[in-house]
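Shown next: entry18.txt, containing compact mmCIF, N, CA and C atoms.
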# COMPACT_ATOMS: atom_id res chain seq x y z
N MET A 1 -23.27 -25.83 -70.13
CA MET A 1 -24.07 -24.94 -69.34
C MET A 1 -25.06 -24.26 -70.27
N ILE A 2 -26.23 -24.05 -69.79
CA ILE A 2 -27.27 -23.42 -70.60
C ILE A 2 -27.22 -21.92 -70.35
N VAL A 3 -26.98 -21.19 -71.41
CA VAL A 3 -26.90 -19.73 -71.34
C VAL A 3 -27.75 -19.18 -72.46
N SER A 4 -28.44 -18.09 -72.20
CA SER A 4 -29.26 -17.52 -73.27
C SER A 4 -29.07 -16.02 -73.33
N GLY A 5 -29.16 -15.48 -74.53
CA GLY A 5 -29.19 -14.05 -74.76
C GLY A 5 -30.48 -13.78 -75.52
N VAL A 6 -31.07 -12.65 -75.33
CA VAL A 6 -32.35 -12.35 -75.96
C VAL A 6 -32.17 -11.18 -76.92
N LYS A 7 -32.66 -11.32 -78.12
CA LYS A 7 -32.61 -10.23 -79.09
C LYS A 7 -33.80 -9.31 -78.85
N ALA A 8 -33.51 -8.04 -78.62
CA ALA A 8 -34.58 -7.07 -78.40
C ALA A 8 -35.20 -6.67 -79.74
N SER A 9 -34.39 -6.48 -80.73
CA SER A 9 -34.88 -6.18 -82.08
C SER A 9 -33.81 -6.67 -83.05
N SER A 10 -34.01 -6.40 -84.29
CA SER A 10 -33.04 -6.87 -85.26
C SER A 10 -31.70 -6.14 -85.13
N ARG A 11 -31.70 -4.92 -84.60
CA ARG A 11 -30.46 -4.16 -84.47
C ARG A 11 -29.87 -4.23 -83.06
N GLU A 12 -30.68 -4.50 -82.05
CA GLU A 12 -30.20 -4.52 -80.68
C GLU A 12 -30.07 -5.96 -80.20
N VAL A 13 -29.00 -6.24 -79.52
CA VAL A 13 -28.80 -7.56 -78.93
C VAL A 13 -28.51 -7.36 -77.46
N ALA A 14 -29.31 -7.97 -76.63
CA ALA A 14 -29.08 -7.89 -75.19
C ALA A 14 -27.96 -8.87 -74.85
N SER A 15 -26.81 -8.35 -74.54
CA SER A 15 -25.70 -9.22 -74.21
C SER A 15 -25.11 -8.79 -72.87
N PRO A 16 -24.88 -9.73 -72.02
CA PRO A 16 -24.28 -9.40 -70.73
C PRO A 16 -22.80 -9.09 -70.92
N SER A 17 -22.16 -8.65 -69.86
CA SER A 17 -20.72 -8.42 -69.94
C SER A 17 -20.02 -9.73 -70.27
N ARG A 18 -18.78 -9.62 -70.66
CA ARG A 18 -18.04 -10.77 -71.15
C ARG A 18 -17.93 -11.89 -70.12
N ASP A 19 -17.82 -11.54 -68.84
CA ASP A 19 -17.61 -12.54 -67.79
C ASP A 19 -18.90 -12.98 -67.11
N ALA A 20 -20.02 -12.39 -67.44
CA ALA A 20 -21.27 -12.73 -66.77
C ALA A 20 -21.89 -13.98 -67.39
N ILE A 21 -22.58 -14.72 -66.58
CA ILE A 21 -23.31 -15.90 -67.03
C ILE A 21 -24.79 -15.63 -66.79
N VAL A 22 -25.57 -15.80 -67.83
CA VAL A 22 -27.01 -15.57 -67.73
C VAL A 22 -27.70 -16.90 -67.93
N PHE A 23 -28.47 -17.32 -66.95
CA PHE A 23 -29.20 -18.57 -67.06
C PHE A 23 -30.52 -18.35 -67.77
N ASP A 24 -30.95 -19.35 -68.46
CA ASP A 24 -32.25 -19.31 -69.13
C ASP A 24 -33.33 -19.11 -68.07
N PRO A 25 -34.18 -18.11 -68.19
CA PRO A 25 -35.19 -17.84 -67.15
C PRO A 25 -36.24 -18.93 -67.04
N THR A 26 -36.32 -19.83 -68.01
CA THR A 26 -37.31 -20.90 -67.93
C THR A 26 -36.80 -22.10 -67.13
N LEU A 27 -35.52 -22.08 -66.74
CA LEU A 27 -34.96 -23.20 -65.97
C LEU A 27 -35.48 -23.18 -64.55
N LYS A 28 -35.65 -24.36 -64.00
CA LYS A 28 -36.03 -24.49 -62.59
C LYS A 28 -34.77 -24.45 -61.74
N GLU A 29 -34.94 -24.19 -60.46
CA GLU A 29 -33.79 -24.07 -59.55
C GLU A 29 -32.99 -25.37 -59.49
N GLU A 30 -33.66 -26.52 -59.49
CA GLU A 30 -32.93 -27.79 -59.43
C GLU A 30 -32.13 -28.05 -60.70
N ASP A 31 -32.59 -27.52 -61.85
CA ASP A 31 -31.82 -27.65 -63.09
C ASP A 31 -30.58 -26.78 -63.04
N ILE A 32 -30.72 -25.58 -62.48
CA ILE A 32 -29.57 -24.69 -62.36
C ILE A 32 -28.53 -25.30 -61.43
N ALA A 33 -28.97 -25.88 -60.31
CA ALA A 33 -28.04 -26.51 -59.38
C ALA A 33 -27.30 -27.66 -60.04
N HIS A 34 -27.96 -28.35 -60.96
CA HIS A 34 -27.33 -29.47 -61.67
C HIS A 34 -26.16 -29.00 -62.53
N TYR A 35 -26.26 -27.80 -63.09
CA TYR A 35 -25.24 -27.30 -63.99
C TYR A 35 -24.14 -26.50 -63.31
N ARG A 36 -24.24 -26.27 -62.02
CA ARG A 36 -23.21 -25.52 -61.32
C ARG A 36 -21.92 -26.32 -61.29
N MET A 37 -20.81 -25.61 -61.32
CA MET A 37 -19.49 -26.26 -61.30
C MET A 37 -19.08 -26.66 -59.89
N THR A 38 -19.49 -25.93 -58.87
CA THR A 38 -19.07 -26.23 -57.51
C THR A 38 -19.95 -27.32 -56.94
N PRO A 39 -19.35 -28.26 -56.19
CA PRO A 39 -20.15 -29.31 -55.60
C PRO A 39 -21.01 -28.77 -54.47
N GLN A 40 -22.17 -29.36 -54.28
CA GLN A 40 -23.06 -28.95 -53.21
C GLN A 40 -22.63 -29.66 -51.92
N LEU A 41 -22.32 -28.90 -50.89
CA LEU A 41 -21.89 -29.46 -49.63
C LEU A 41 -23.10 -29.81 -48.78
N HIS A 42 -22.93 -30.84 -47.96
CA HIS A 42 -23.99 -31.24 -47.03
C HIS A 42 -24.06 -30.18 -45.94
N VAL A 43 -25.21 -29.58 -45.76
CA VAL A 43 -25.41 -28.57 -44.73
C VAL A 43 -26.31 -29.17 -43.66
N PRO A 44 -25.73 -29.49 -42.49
CA PRO A 44 -26.53 -30.08 -41.43
C PRO A 44 -27.55 -29.09 -40.88
N THR A 45 -28.68 -29.60 -40.44
CA THR A 45 -29.73 -28.74 -39.88
C THR A 45 -29.75 -28.77 -38.36
N THR A 46 -29.07 -29.71 -37.76
CA THR A 46 -29.01 -29.81 -36.30
C THR A 46 -27.61 -29.44 -35.83
N THR A 47 -27.41 -29.43 -34.53
CA THR A 47 -26.08 -29.13 -33.99
C THR A 47 -25.23 -30.39 -33.95
N PRO A 48 -23.92 -30.26 -34.08
CA PRO A 48 -23.06 -31.45 -34.05
C PRO A 48 -23.03 -32.06 -32.65
N PRO A 49 -22.68 -33.34 -32.57
CA PRO A 49 -22.60 -33.98 -31.24
C PRO A 49 -21.49 -33.34 -30.41
N LYS A 50 -21.76 -33.10 -29.15
CA LYS A 50 -20.79 -32.48 -28.25
C LYS A 50 -20.18 -33.54 -27.33
N PRO A 51 -18.85 -33.58 -27.23
CA PRO A 51 -18.22 -34.53 -26.31
C PRO A 51 -18.40 -34.09 -24.86
N THR A 52 -18.40 -35.08 -23.97
CA THR A 52 -18.52 -34.77 -22.55
C THR A 52 -17.19 -34.91 -21.82
N GLY A 53 -16.22 -35.50 -22.48
CA GLY A 53 -14.91 -35.67 -21.86
C GLY A 53 -13.81 -35.77 -22.90
N LEU A 54 -12.56 -35.59 -22.44
CA LEU A 54 -11.42 -35.61 -23.34
C LEU A 54 -10.19 -36.06 -22.59
N HIS A 55 -9.37 -36.89 -23.22
CA HIS A 55 -8.04 -37.16 -22.70
C HIS A 55 -7.12 -37.42 -23.89
N ARG A 56 -5.84 -37.30 -23.67
CA ARG A 56 -4.88 -37.51 -24.74
C ARG A 56 -4.37 -38.94 -24.70
N ALA A 57 -4.06 -39.46 -25.87
CA ALA A 57 -3.57 -40.84 -25.97
C ALA A 57 -2.17 -40.93 -25.39
N THR A 58 -1.89 -42.03 -24.69
CA THR A 58 -0.56 -42.26 -24.14
C THR A 58 0.08 -43.51 -24.74
N ALA A 59 -0.75 -44.41 -25.26
CA ALA A 59 -0.23 -45.63 -25.90
C ALA A 59 -1.05 -45.89 -27.15
N TRP A 60 -0.40 -46.49 -28.15
CA TRP A 60 -1.07 -46.74 -29.41
C TRP A 60 -2.02 -47.94 -29.30
N ASP A 61 -3.19 -47.83 -29.89
CA ASP A 61 -4.10 -48.95 -30.11
C ASP A 61 -4.97 -48.59 -31.32
N PRO A 62 -5.77 -49.50 -31.85
CA PRO A 62 -6.57 -49.19 -33.05
C PRO A 62 -7.54 -48.01 -32.88
N LEU A 63 -8.06 -47.78 -31.67
CA LEU A 63 -8.94 -46.62 -31.46
C LEU A 63 -8.17 -45.31 -31.58
N VAL A 64 -6.93 -45.31 -31.10
CA VAL A 64 -6.08 -44.12 -31.24
C VAL A 64 -5.77 -43.89 -32.71
N GLU A 65 -5.50 -44.96 -33.44
CA GLU A 65 -5.21 -44.85 -34.87
C GLU A 65 -6.39 -44.25 -35.62
N GLU A 66 -7.60 -44.69 -35.29
CA GLU A 66 -8.79 -44.14 -35.95
C GLU A 66 -8.96 -42.66 -35.63
N ALA A 67 -8.81 -42.29 -34.36
CA ALA A 67 -8.94 -40.89 -33.96
C ALA A 67 -7.88 -40.04 -34.66
N TYR A 68 -6.66 -40.54 -34.78
CA TYR A 68 -5.58 -39.81 -35.43
C TYR A 68 -5.92 -39.52 -36.90
N ARG A 69 -6.49 -40.50 -37.59
CA ARG A 69 -6.82 -40.32 -39.00
C ARG A 69 -7.93 -39.29 -39.18
N PHE A 70 -8.95 -39.33 -38.35
CA PHE A 70 -10.03 -38.34 -38.45
C PHE A 70 -9.52 -36.94 -38.10
N GLN A 71 -8.68 -36.84 -37.09
CA GLN A 71 -8.14 -35.54 -36.70
C GLN A 71 -7.17 -35.00 -37.75
N SER A 72 -6.51 -35.87 -38.50
CA SER A 72 -5.64 -35.43 -39.59
C SER A 72 -6.46 -34.79 -40.71
N ALA A 73 -7.71 -35.22 -40.85
CA ALA A 73 -8.61 -34.66 -41.88
C ALA A 73 -9.37 -33.44 -41.38
N GLY A 74 -9.20 -33.07 -40.11
CA GLY A 74 -9.83 -31.87 -39.58
C GLY A 74 -11.11 -32.12 -38.81
N TYR A 75 -11.39 -33.37 -38.46
CA TYR A 75 -12.60 -33.69 -37.71
C TYR A 75 -12.20 -34.19 -36.33
N ARG A 76 -13.13 -34.10 -35.39
CA ARG A 76 -12.88 -34.55 -34.04
C ARG A 76 -12.78 -36.07 -34.00
N ASP A 77 -13.75 -36.74 -34.63
CA ASP A 77 -13.79 -38.20 -34.62
C ASP A 77 -14.83 -38.68 -35.64
N LEU A 78 -15.15 -39.95 -35.60
CA LEU A 78 -16.10 -40.54 -36.56
C LEU A 78 -17.47 -39.88 -36.49
N LYS A 79 -17.95 -39.58 -35.30
CA LYS A 79 -19.27 -38.97 -35.17
C LYS A 79 -19.34 -37.61 -35.86
N GLU A 80 -18.32 -36.79 -35.66
CA GLU A 80 -18.33 -35.47 -36.28
C GLU A 80 -18.17 -35.58 -37.79
N TYR A 81 -17.34 -36.51 -38.26
CA TYR A 81 -17.18 -36.71 -39.71
C TYR A 81 -18.51 -37.11 -40.34
N CYS A 82 -19.20 -38.08 -39.75
CA CYS A 82 -20.48 -38.52 -40.29
C CYS A 82 -21.51 -37.39 -40.27
N TYR A 83 -21.47 -36.56 -39.25
CA TYR A 83 -22.40 -35.45 -39.14
C TYR A 83 -22.18 -34.45 -40.28
N PHE A 84 -20.94 -34.03 -40.50
CA PHE A 84 -20.66 -33.00 -41.50
C PHE A 84 -20.71 -33.53 -42.93
N GLN A 85 -20.37 -34.78 -43.15
CA GLN A 85 -20.38 -35.33 -44.50
C GLN A 85 -21.73 -35.94 -44.87
N GLY A 86 -22.61 -36.11 -43.91
CA GLY A 86 -23.94 -36.63 -44.20
C GLY A 86 -23.94 -38.11 -44.55
N VAL A 87 -23.03 -38.88 -43.97
CA VAL A 87 -22.96 -40.31 -44.21
C VAL A 87 -23.14 -41.05 -42.89
N GLY A 88 -23.47 -42.32 -42.98
CA GLY A 88 -23.56 -43.15 -41.79
C GLY A 88 -22.19 -43.69 -41.43
N GLU A 89 -22.11 -44.36 -40.31
CA GLU A 89 -20.83 -44.91 -39.88
C GLU A 89 -20.31 -45.96 -40.85
N THR A 90 -21.20 -46.58 -41.61
CA THR A 90 -20.77 -47.56 -42.60
C THR A 90 -20.36 -46.90 -43.92
N GLY A 91 -20.55 -45.58 -44.04
CA GLY A 91 -20.22 -44.86 -45.26
C GLY A 91 -18.76 -44.43 -45.34
N VAL A 92 -17.94 -44.78 -44.36
CA VAL A 92 -16.53 -44.42 -44.34
C VAL A 92 -15.75 -45.53 -45.05
N ASN A 93 -14.87 -45.15 -45.98
CA ASN A 93 -14.06 -46.14 -46.70
C ASN A 93 -12.99 -46.70 -45.78
N ARG A 94 -12.95 -48.03 -45.67
CA ARG A 94 -11.99 -48.69 -44.78
C ARG A 94 -11.23 -49.79 -45.50
N TRP A 95 -10.02 -50.09 -44.99
CA TRP A 95 -9.27 -51.22 -45.53
C TRP A 95 -9.96 -52.50 -45.07
N PRO A 96 -10.17 -53.45 -45.97
CA PRO A 96 -10.93 -54.65 -45.61
C PRO A 96 -10.22 -55.58 -44.62
N HIS A 97 -8.89 -55.64 -44.66
CA HIS A 97 -8.20 -56.62 -43.83
C HIS A 97 -8.02 -56.19 -42.38
N ASN A 98 -7.99 -54.88 -42.08
CA ASN A 98 -7.81 -54.46 -40.70
C ASN A 98 -8.85 -53.44 -40.21
N GLY A 99 -9.66 -52.90 -41.11
CA GLY A 99 -10.72 -51.98 -40.71
C GLY A 99 -10.27 -50.55 -40.49
N TYR A 100 -8.99 -50.23 -40.76
CA TYR A 100 -8.52 -48.86 -40.62
C TYR A 100 -9.17 -47.99 -41.69
N VAL A 101 -9.29 -46.71 -41.40
CA VAL A 101 -9.86 -45.76 -42.36
C VAL A 101 -8.93 -45.68 -43.57
N LYS A 102 -9.51 -45.78 -44.75
CA LYS A 102 -8.74 -45.77 -45.99
C LYS A 102 -8.72 -44.39 -46.63
N MET A 103 -9.88 -43.71 -46.67
CA MET A 103 -9.99 -42.43 -47.35
C MET A 103 -11.02 -41.56 -46.64
N LEU A 104 -10.69 -40.28 -46.48
CA LEU A 104 -11.60 -39.32 -45.87
C LEU A 104 -11.64 -38.06 -46.72
N LYS A 105 -12.75 -37.37 -46.65
CA LYS A 105 -12.88 -36.07 -47.30
C LYS A 105 -12.65 -35.01 -46.23
N SER A 106 -11.63 -34.18 -46.44
CA SER A 106 -11.30 -33.18 -45.42
C SER A 106 -12.32 -32.05 -45.44
N ARG A 107 -12.22 -31.17 -44.48
CA ARG A 107 -13.18 -30.07 -44.37
C ARG A 107 -13.12 -29.12 -45.56
N ASN A 108 -11.96 -29.02 -46.21
CA ASN A 108 -11.86 -28.12 -47.36
C ASN A 108 -12.21 -28.81 -48.67
N GLY A 109 -12.68 -30.05 -48.62
CA GLY A 109 -13.15 -30.75 -49.81
C GLY A 109 -12.13 -31.66 -50.46
N ALA A 110 -10.87 -31.63 -50.01
CA ALA A 110 -9.84 -32.51 -50.58
C ALA A 110 -9.99 -33.92 -50.01
N PHE A 111 -9.54 -34.90 -50.77
CA PHE A 111 -9.56 -36.27 -50.29
C PHE A 111 -8.21 -36.63 -49.71
N ILE A 112 -8.22 -37.30 -48.57
CA ILE A 112 -6.99 -37.73 -47.90
C ILE A 112 -6.99 -39.25 -47.89
N TYR A 113 -5.91 -39.84 -48.39
CA TYR A 113 -5.77 -41.29 -48.45
C TYR A 113 -4.76 -41.74 -47.41
N PHE A 114 -5.07 -42.85 -46.73
CA PHE A 114 -4.21 -43.38 -45.68
C PHE A 114 -3.69 -44.76 -46.07
N ASP A 115 -2.52 -45.09 -45.54
CA ASP A 115 -1.89 -46.39 -45.80
C ASP A 115 -2.64 -47.50 -45.08
N LYS A 116 -2.30 -48.73 -45.46
CA LYS A 116 -2.90 -49.90 -44.82
C LYS A 116 -2.36 -50.10 -43.40
N GLU A 117 -1.15 -49.65 -43.19
CA GLU A 117 -0.49 -49.87 -41.91
C GLU A 117 -0.66 -48.65 -41.01
N ARG A 118 -0.07 -48.74 -39.84
CA ARG A 118 -0.16 -47.70 -38.82
C ARG A 118 0.37 -46.36 -39.35
N GLU A 119 -0.39 -45.28 -39.10
CA GLU A 119 0.02 -43.93 -39.50
C GLU A 119 0.43 -43.08 -38.29
N CYS A 120 -0.15 -43.35 -37.15
CA CYS A 120 0.13 -42.57 -35.94
C CYS A 120 1.41 -43.11 -35.29
N GLN A 121 2.49 -42.36 -35.46
CA GLN A 121 3.77 -42.77 -34.87
C GLN A 121 3.79 -42.44 -33.38
N ASP A 122 4.71 -43.08 -32.66
CA ASP A 122 4.80 -42.85 -31.22
C ASP A 122 5.06 -41.37 -30.90
N LYS A 123 5.80 -40.69 -31.76
CA LYS A 123 6.10 -39.27 -31.51
C LYS A 123 4.86 -38.38 -31.66
N ASP A 124 3.80 -38.89 -32.31
CA ASP A 124 2.58 -38.12 -32.53
C ASP A 124 1.45 -38.49 -31.56
N LEU A 125 1.70 -39.42 -30.65
CA LEU A 125 0.64 -39.87 -29.74
C LEU A 125 0.08 -38.74 -28.89
N HIS A 126 0.93 -37.85 -28.42
CA HIS A 126 0.46 -36.76 -27.55
C HIS A 126 -0.44 -35.77 -28.29
N LYS A 127 -0.43 -35.77 -29.62
CA LYS A 127 -1.28 -34.87 -30.40
C LYS A 127 -2.70 -35.40 -30.55
N CYS A 128 -2.88 -36.68 -30.35
CA CYS A 128 -4.17 -37.33 -30.60
C CYS A 128 -5.08 -37.18 -29.38
N LYS A 129 -6.27 -36.65 -29.61
CA LYS A 129 -7.25 -36.45 -28.55
C LYS A 129 -8.31 -37.55 -28.63
N MET A 130 -8.65 -38.11 -27.51
CA MET A 130 -9.67 -39.14 -27.42
C MET A 130 -10.89 -38.50 -26.73
N PHE A 131 -12.00 -38.42 -27.46
CA PHE A 131 -13.20 -37.78 -26.94
C PHE A 131 -14.17 -38.80 -26.38
N GLN A 132 -14.86 -38.42 -25.32
CA GLN A 132 -15.87 -39.26 -24.69
C GLN A 132 -17.21 -38.57 -24.86
N TYR A 133 -18.22 -39.36 -25.17
CA TYR A 133 -19.59 -38.86 -25.30
C TYR A 133 -20.45 -39.45 -24.21
N GLY A 134 -21.58 -38.87 -23.95
CA GLY A 134 -22.47 -39.32 -22.89
C GLY A 134 -22.98 -40.73 -23.09
N ASP A 135 -23.05 -41.19 -24.36
CA ASP A 135 -23.59 -42.53 -24.61
C ASP A 135 -22.55 -43.63 -24.51
N ARG A 136 -21.27 -43.28 -24.28
CA ARG A 136 -20.23 -44.29 -24.12
C ARG A 136 -19.84 -44.38 -22.65
N GLY A 137 -19.52 -45.56 -22.20
CA GLY A 137 -19.03 -45.71 -20.84
C GLY A 137 -17.52 -45.69 -20.83
N GLY A 138 -16.92 -44.80 -20.07
CA GLY A 138 -15.46 -44.73 -19.98
C GLY A 138 -14.85 -44.14 -21.22
N PHE A 139 -13.53 -44.22 -21.29
CA PHE A 139 -12.81 -43.70 -22.47
C PHE A 139 -12.54 -44.80 -23.41
Show how you would write the structure in this file as structure tokens.
Amino acid sequence: MIVSGVKASSREVASPSRDAIVFDPTLKEEDIAHYRMTPQLHVPTTTPPKPTGLHRATAWDPLVEEAYRFQSAGYRDLKEYCYFQGVGETGVNRWPHNGYVKMLKSRNGAFIYFDKERECQDKDLHKCKMFQYGDRGGF
């Protein structure tokens, strides 16, 4: 990290408190952002997509499995995940042999990894919500 202190005279030293960080005033804002320790989150400028309908899953299928994985990470579904993470639908990591979601970034920034096989057990089916949007026909 680039930090600078300025000597006022030979006897005086301008020093910040022990815990303060002083950036070089000649740095540009994009240079300062580069040196920050915290990752920059994607901040959407539009509103997230709103569902027009909802029902709960009653039987397991691959669409229920996908919804369960996104909801485990704190998102409604693929559309909301892509909106908040700033990726396209092809930007989601998936297992190559079955297309299930492999890894997601949760809302708090942690990464969640999923197995190759089914994760949504029959006892958890009632927890899974299936959302309908205006551009889809039916559920």
Can you tell me, as a list in words, which residues in segment 69-131 of chain A count as strand (DSSP E or B) by DSSP?
Asn93, Arg94, Val101, Lys102, Met103, Leu104, Lys105, Phe111, Ile112, Tyr113, Lys129, Met130 and Phe131 of chain A
Report as a ChimeraX atom specification all protein, DNA and RNA residues lying within 12 Å of segment 117-119 of chain A, evaluated on only C-alpha atoms, omitting residues in the same chain fewer than 2 positions from it.
/A:60-70,72,94-95,97-102,113-115,121-125,128
Applying 9 Å and only C-alpha atoms, which residues near Lys50 of chain A remain after dropping the ones on its own chain fewer than 4 positions away? List them as a list in words.
Glu80, Tyr133 and Gly134 of chain A
What is the atom N of Ser106 of chain A-atom CA of Gly53 of chain A distance in Å, reported with one decimal?
24.8 Å
Could you please determine the separation between atom CA of Arg56 of chain A and atom CA of Met130 of chain A in Å, to one decimal place?
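The value is 5.7 Å.
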To one decimal place, how far is atom CA of Arg76 of chain A from atom CA of Phe131 of chain A in Å?
7.8 Å
Under the rule that all atoms listed in the file are counted, which of A:Thr26, A:Thr58, A:Gln85, A:Asn108 is the nearest residue to His126 of chain A?
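Ranking A:Thr26, A:Thr58, A:Gln85, A:Asn108 by distance to His126 of chain A, first place goes to A:Thr58.
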